[in-house]
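Colleague: Below is the structure I would like to discuss, written out as structure tokens.
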Amino acid sequence: QVQLVESGGGLVQTGASLRLSCAASERTFSSYAIGWFRQAPGKDREFVASIVYSGSRTYYRDSVKGRFTISRDDAKNTVFLQMTSLKPEDTAVYYCAALRSGFIGPGASTMSSRYDYWGQGTQVTVSS
């Protein structure tokens with residue numbers, strides 16, 4: 001069972017940046033695809049970004065393209081989500097999730113049901 005722990009959330013103003021981290025408990029983490037999802041109050045959980053096991057493919061939802069960057073440091077068993085130019089509509093609890101298969105296509109990567117392990121989430125609040 002892989003344990004995922006998110007960190008880096010907080011309260012920031014519009015236009016600020018944050019870097020979220022997703023740390024895993026196992027070295028097999030390097031073979032997993034990782035996704036970031038978010039859930040705002042009263043809304044469904046939605047896909048934000050994902051990265052395949054090798055780091056060679058990344059996918060983003062349209063509204064964060066050019067502002068968010070997903071990356072991984074397998075030596076540290078950690079995946080990052082660098083968020084810039086934050087907007088109030090980015091306010092949500094952000095979750096990371098791991099997929100054992102390691103590789104996932106752009107369509108499937110947006111489906112939360114495809115992921116095997118989830119973290120507890122970290123709150124991001126962007127004030128206007």
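As shown in the structure tokens, the chain order sets the letters A, B, ...; within each chain, residues go from 1, and ligands are also counted from 1 in the order they appear.
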Please provide as a PyMOL selection string all residues within 12 Å of A:Gly119, with the sequence filter that same-chain residues fewer than 3 positions apart are discarded (counting only C-alpha atoms).

Modeller: chain A and resi 1-7+21-25+34-38+93-98+115-116+122

Colleague: How would the residues just chosen look if you wrote them out with N, CA and C atoms as a PDB file, in the first residue's frame?

Modeller:
ATOM      1  N   GLN A   1       0.842  -1.190   0.000  1.00  0.00           N
ATOM      2  CA  GLN A   1       0.000   0.000   0.000  1.00  0.00           C
ATOM      3  C   GLN A   1       0.879   1.242   0.000  1.00  0.00           C
ATOM      4  N   VAL A   2       0.744   2.064  -1.008  1.00  0.00           N
ATOM      5  CA  VAL A   2       1.529   3.289  -1.103  1.00  0.00           C
ATOM      6  C   VAL A   2       0.835   4.385  -0.324  1.00  0.00           C
ATOM      7  N   GLN A   3       1.581   5.053   0.520  1.00  0.00           N
ATOM      8  CA  GLN A   3       1.071   6.215   1.245  1.00  0.00           C
ATOM      9  C   GLN A   3       1.522   7.474   0.523  1.00  0.00           C
ATOM     10  N   LEU A   4       0.571   8.350   0.258  1.00  0.00           N
ATOM     11  CA  LEU A   4       0.860   9.614  -0.406  1.00  0.00           C
ATOM     12  C   LEU A   4       0.541  10.760   0.538  1.00  0.00           C
ATOM     13  N   VAL A   5       1.461  11.713   0.622  1.00  0.00           N
ATOM     14  CA  VAL A   5       1.256  12.853   1.511  1.00  0.00           C
ATOM     15  C   VAL A   5       1.497  14.129   0.725  1.00  0.00           C
ATOM     16  N   GLU A   6       0.451  14.948   0.637  1.00  0.00           N
ATOM     17  CA  GLU A   6       0.562  16.230  -0.046  1.00  0.00           C
ATOM     18  C   GLU A   6       0.967  17.320   0.947  1.00  0.00           C
ATOM     19  N   SER A   7       1.669  18.317   0.441  1.00  0.00           N
ATOM     20  CA  SER A   7       2.019  19.477   1.252  1.00  0.00           C
ATOM     21  C   SER A   7       2.223  20.674   0.327  1.00  0.00           C
ATOM     22  N   SER A  21       3.695  19.510  -3.164  1.00  0.00           N
ATOM     23  CA  SER A  21       4.507  18.295  -3.205  1.00  0.00           C
ATOM     24  C   SER A  21       3.646  17.092  -2.864  1.00  0.00           C
ATOM     25  N   CYS A  22       3.969  15.990  -3.480  1.00  0.00           N
ATOM     26  CA  CYS A  22       3.316  14.722  -3.202  1.00  0.00           C
ATOM     27  C   CYS A  22       4.430  13.721  -2.915  1.00  0.00           C
ATOM     28  N   ALA A  23       4.576  13.352  -1.658  1.00  0.00           N
ATOM     29  CA  ALA A  23       5.648  12.445  -1.260  1.00  0.00           C
ATOM     30  C   ALA A  23       5.082  11.055  -1.031  1.00  0.00           C
ATOM     31  N   ALA A  24       5.816  10.060  -1.520  1.00  0.00           N
ATOM     32  CA  ALA A  24       5.362   8.676  -1.415  1.00  0.00           C
ATOM     33  C   ALA A  24       6.234   7.898  -0.455  1.00  0.00           C
ATOM     34  N   SER A  25       5.639   6.845   0.076  1.00  0.00           N
ATOM     35  CA  SER A  25       6.329   6.056   1.094  1.00  0.00           C
ATOM     36  C   SER A  25       7.189   4.946   0.521  1.00  0.00           C
ATOM     37  N   ILE A  34       1.449   9.577 -11.891  1.00  0.00           N
ATOM     38  CA  ILE A  34       0.906  10.393 -10.809  1.00  0.00           C
ATOM     39  C   ILE A  34      -0.005  11.463 -11.387  1.00  0.00           C
ATOM     40  N   GLY A  35      -1.112  11.642 -10.729  1.00  0.00           N
ATOM     41  CA  GLY A  35      -2.043  12.693 -11.130  1.00  0.00           C
ATOM     42  C   GLY A  35      -2.335  13.640  -9.987  1.00  0.00           C
ATOM     43  N   TRP A  36      -2.646  14.862 -10.340  1.00  0.00           N
ATOM     44  CA  TRP A  36      -3.157  15.844  -9.377  1.00  0.00           C
ATOM     45  C   TRP A  36      -4.604  16.137  -9.741  1.00  0.00           C
ATOM     46  N   PHE A  37      -5.443  16.119  -8.721  1.00  0.00           N
ATOM     47  CA  PHE A  37      -6.851  16.470  -8.859  1.00  0.00           C
ATOM     48  C   PHE A  37      -7.178  17.542  -7.846  1.00  0.00           C
ATOM     49  N   ARG A  38      -8.310  18.191  -8.018  1.00  0.00           N
ATOM     50  CA  ARG A  38      -8.737  19.182  -7.034  1.00  0.00           C
ATOM     51  C   ARG A  38     -10.244  19.135  -6.884  1.00  0.00           C
ATOM     52  N   VAL A  93      -9.278  21.890  -2.570  1.00  0.00           N
ATOM     53  CA  VAL A  93      -8.380  20.911  -1.959  1.00  0.00           C
ATOM     54  C   VAL A  93      -7.720  20.149  -3.100  1.00  0.00           C
ATOM     55  N   TYR A  94      -6.417  20.081  -3.056  1.00  0.00           N
ATOM     56  CA  TYR A  94      -5.648  19.405  -4.110  1.00  0.00           C
ATOM     57  C   TYR A  94      -5.191  18.035  -3.606  1.00  0.00           C
ATOM     58  N   TYR A  95      -5.430  17.037  -4.434  1.00  0.00           N
ATOM     59  CA  TYR A  95      -5.075  15.662  -4.108  1.00  0.00           C
ATOM     60  C   TYR A  95      -4.102  15.119  -5.144  1.00  0.00           C
ATOM     61  N   CYS A  96      -3.149  14.319  -4.671  1.00  0.00           N
ATOM     62  CA  CYS A  96      -2.358  13.564  -5.631  1.00  0.00           C
ATOM     63  C   CYS A  96      -2.810  12.111  -5.587  1.00  0.00           C
ATOM     64  N   ALA A  97      -2.608  11.441  -6.704  1.00  0.00           N
ATOM     65  CA  ALA A  97      -3.033  10.056  -6.843  1.00  0.00           C
ATOM     66  C   ALA A  97      -1.998   9.295  -7.656  1.00  0.00           C
ATOM     67  N   ALA A  98      -1.861   8.015  -7.357  1.00  0.00           N
ATOM     68  CA  ALA A  98      -0.865   7.181  -8.026  1.00  0.00           C
ATOM     69  C   ALA A  98      -1.534   6.044  -8.784  1.00  0.00           C
ATOM     70  N   TYR A 115      -7.085   5.642 -10.867  1.00  0.00           N
ATOM     71  CA  TYR A 115      -5.960   5.718  -9.945  1.00  0.00           C
ATOM     72  C   TYR A 115      -6.151   4.782  -8.760  1.00  0.00           C
ATOM     73  N   ASP A 116      -5.020   4.250  -8.275  1.00  0.00           N
ATOM     74  CA  ASP A 116      -5.071   3.220  -7.241  1.00  0.00           C
ATOM     75  C   ASP A 116      -4.914   3.749  -5.831  1.00  0.00           C
ATOM     76  N   THR A 122      -4.389  18.757   0.221  1.00  0.00           N
ATOM     77  CA  THR A 122      -3.875  19.984   0.810  1.00  0.00           C
ATOM     78  C   THR A 122      -4.687  21.156   0.281  1.00  0.00           C
TER      79      THR A 122
END

Colleague: Would you list the contacts of stretch 49-62 of chain A as an MDAnalysis selection string, taking every protein, DNA or RNA residue within 8 Å and counting only C-alpha atoms, but skipping same-chain residues closer than 6 positions in sequence?

Modeller: chainID A and resid 30:37 70:72 102:104 106 109:110

Colleague: For a quick check of understanding, using only C-alpha atoms, which of A:Val12, A:Ser85, A:Val124, A:Ala108 has the smallest distance to A:Phe47?

Modeller: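 Closest candidate: A:Ala108.
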
Colleague: A:Gly121, A:Ser17, A:Gly9, A:Val64: which is nearest A:Met83, counting only C-alpha atoms?

Modeller: A:Ser17

Colleague: Measure the distance from atom CA of A:Arg114 to atom CA of A:Pro41 in Å and round it to one decimal.

Modeller: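 So the two atoms, atom CA of A:Arg114 and atom CA of A:Pro41, lie 22.8 Å apart.
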